Amino acid sequence: MKAKHILTTAALAAMLVVPVSGHADLLFGVHGEVQYWQAENSGSFSQNPNPFSWGWDDEGATRVSLSLNHFVPFVPNVMIQKQWLESSGSTPHDFDLGIGNTVFQANANGSLQYNWDLAHDTYTLYYRFFDNSLVGFHFGVAAKRFTGEMEVTDGNTAFRSPIDETVPMAYLRLNAGLPFTGLSVRAQGYPVSVGDHEVYDVEASLRYEFLDSLVLDGAIQIGYRVFNVAFEDASGLYTDFEMKGPFASISLHF
């Protein structure tokens, strides 16, 4: 009886340490995902804490993700995301505008053209406390590395400022599935940032698993995503951007 109790205790401890997984991830798994996001863009930027408000075009954006899951206790899993994110706009040039040391003189017959590039890579280390077709819970830490720029021009004068910032963040994923249907709901993202900059990136989706086998799983998602970037003196820039809108994605799991 004593040996039986020891084995039972050891099994329970192993369940707490090793994440619960639905398929091959119990040992090793690779997940890839491509997301297309139709974002509605708004926000502002300047080189002072009271930025001018710009008007931005709504444009599509693409994100690719690759994650590696394994069975080794206490060692975090790894996910890398690459996000392309740009927008542009224009406004009548009937006012004087100064950005830093650059001054755009009013021109009643001209216009100001401007764009931003908030492309970034996200590196995430996370643990899977649960990960199966019925319930999932991931938690970890991440760093978003922004490598874009802001630009304004009137055809004669131009202002450009690069963005090179890394923002530490927390990562969270929750999902719940409906048995025997292939359907599940998921909420995930980066709800909290650390440091002077305020950044969050969260989404919610409905998933359908169209392929479920021992060697390959496939799922499609539709959902809604909100992304906010408020830089506080990042490479001399102050920003407050918000991007939000529906998305669709497809993922494969080997």
# chains A, B, ... in the order shown; residues from 1 in each chain; ligands from 1
>>> closest_atom_pairs(of="range 48-133 of chain A", to="range 152-173 of chain A", cutoff="9 Å", atoms="only C-alpha atoms", output="JSON lines")
{"residue": "A:His93", "atom": "CA", "partner": "A:Asp154", "partner_atom": "CA", "distance": 7.9}
{"residue": "A:Ile99", "atom": "CA", "partner": "A:Phe159", "partner_atom": "CA", "distance": 7.6}
{"residue": "A:Gly100", "atom": "CA", "partner": "A:Phe159", "partner_atom": "CA", "distance": 8.8}
{"residue": "A:Thr102", "atom": "CA", "partner": "A:Phe159", "partner_atom": "CA", "distance": 6.5}
{"residue": "A:Val103", "atom": "CA", "partner": "A:Thr157", "partner_atom": "CA", "distance": 8.0}
{"residue": "A:Phe104", "atom": "CA", "partner": "A:Thr157", "partner_atom": "CA", "distance": 6.8}
{"residue": "A:Asn107", "atom": "CA", "partner": "A:Asp154", "partner_atom": "CA", "distance": 9.0}
{"residue": "A:Gly110", "atom": "CA", "partner": "A:Asp154", "partner_atom": "CA", "distance": 7.2}
{"residue": "A:Ser111", "atom": "CA", "partner": "A:Asp154", "partner_atom": "CA", "distance": 6.1}
{"residue": "A:Leu112", "atom": "CA", "partner": "A:Asp154", "partner_atom": "CA", "distance": 4.7}
{"residue": "A:Gln113", "atom": "CA", "partner": "A:Thr153", "partner_atom": "CA", "distance": 5.4}
{"residue": "A:Tyr114", "atom": "CA", "partner": "A:Val152", "partner_atom": "CA", "distance": 4.3}
{"residue": "A:Asn115", "atom": "CA", "partner": "A:Val152", "partner_atom": "CA", "distance": 6.7}
{"residue": "A:Trp116", "atom": "CA", "partner": "A:Val152", "partner_atom": "CA", "distance": 8.9}
{"residue": "A:Asp117", "atom": "CA", "partner": "A:Ile163", "partner_atom": "CA", "distance": 8.7}
{"residue": "A:Leu118", "atom": "CA", "partner": "A:Ile163", "partner_atom": "CA", "distance": 8.0}
{"residue": "A:Thr124", "atom": "CA", "partner": "A:Tyr171", "partner_atom": "CA", "distance": 7.4}
{"residue": "A:Leu125", "atom": "CA", "partner": "A:Tyr171", "partner_atom": "CA", "distance": 8.4}
{"residue": "A:Tyr126", "atom": "CA", "partner": "A:Tyr171", "partner_atom": "CA", "distance": 7.5}
>>> select_by_dssp(residues="range 33-253 of chain A", states="strand (DSSP E)", output="ChimeraX atom specification")
/A:33-38,40-46,53-54,60-70,77-84,86-92,97-99,102-104,111-117,120-131,135-146,149-153,158-162,165-178,183-193,198-212,217-230,238-253
>>> closest_residue(among="A:Tyr190, A:Phe74, A:Phe95, A:Phe139", to="Thr122 in chain A", atoms="only C-alpha atoms")
A:Tyr190
>>> closest_residue(among="A:Gly195, A:Tyr200, A:Gln83, A:Pro76", to="Arg145 in chain A", atoms="only C-alpha atoms")
A:Gln83
>>> residues_around(residues="Ala61 in chain A", least_positions_apart="2", cutoff="12 Å", atoms="only C-alpha atoms", output="JSON, numbers by chain")
{"A": [34, 35, 36, 37, 38, 39, 40, 41, 58, 59, 63, 64, 82, 83, 84, 85, 86, 87, 117, 118, 119, 120, 225, 227, 243, 244, 245, 246, 247, 248, 249]}
>>> closest_residue(among="A:Phe146, A:Val135, A:Phe71, A:Pro92", to="Leu27 in chain A", atoms="only C-alpha atoms")
A:Phe71
>>> atom_distance(atom1="CA of Gly189 in chain A", atom2="CA of Leu237 in chain A")
25.2 Å
>>> atom_distance(atom1="CA of Ala106 in chain A", atom2="CA of Asp233 in chain A")
26.8 Å
>>> closest_residue(among="A:Val199, A:Tyr238, A:Leu216, A:Arg128", to="Ser44 in chain A", atoms="only C-alpha atoms")
A:Tyr238
>>> residues_around(residues="His70 in chain A", least_positions_apart="2", cutoff="9 Å", atoms="only C-alpha atoms", output="PyMOL selection string")
chain A and resi 25-30+68+72-73+75-77
>>> write_last_selection(atoms="N, CA and C atoms", output="compact mmCIF listing (two decimals), in the first residue's frame")
# COMPACT_ATOMS: atom_id res chain seq x y z
N ASP A 25 2.40 17.50 -28.43
CA ASP A 25 3.09 18.45 -27.57
C ASP A 25 3.46 17.87 -26.22
N LEU A 26 2.92 16.71 -25.86
CA LEU A 26 3.34 16.07 -24.63
C LEU A 26 4.84 15.83 -24.65
N LEU A 27 5.42 15.67 -25.84
CA LEU A 27 6.86 15.52 -25.99
C LEU A 27 7.47 16.73 -26.69
N PHE A 28 6.92 17.08 -27.86
CA PHE A 28 7.53 18.12 -28.67
C PHE A 28 6.53 18.59 -29.71
N GLY A 29 6.45 19.88 -29.96
CA GLY A 29 5.51 20.38 -30.95
C GLY A 29 5.96 21.71 -31.53
N VAL A 30 5.64 21.91 -32.81
CA VAL A 30 5.92 23.17 -33.49
C VAL A 30 4.60 23.73 -34.00
N LEU A 68 7.59 26.89 -30.20
CA LEU A 68 8.17 25.58 -29.95
C LEU A 68 7.78 25.14 -28.54
N VAL A 72 10.17 19.35 -21.32
CA VAL A 72 11.18 19.48 -20.27
C VAL A 72 10.63 20.34 -19.13
N PRO A 73 10.54 19.81 -17.91
CA PRO A 73 10.00 20.59 -16.79
C PRO A 73 10.83 21.83 -16.49
N VAL A 75 11.62 24.41 -17.91
CA VAL A 75 12.20 25.16 -19.03
C VAL A 75 11.05 25.76 -19.85
N PRO A 76 11.02 27.08 -20.05
CA PRO A 76 9.88 27.68 -20.76
C PRO A 76 9.85 27.33 -22.23
N ASN A 77 8.64 27.35 -22.77
CA ASN A 77 8.45 27.23 -24.20
C ASN A 77 8.76 28.58 -24.86
>>> atom_distance(atom1="CA of His253 in chain A", atom2="CA of Gly218 in chain A")
6.3 Å
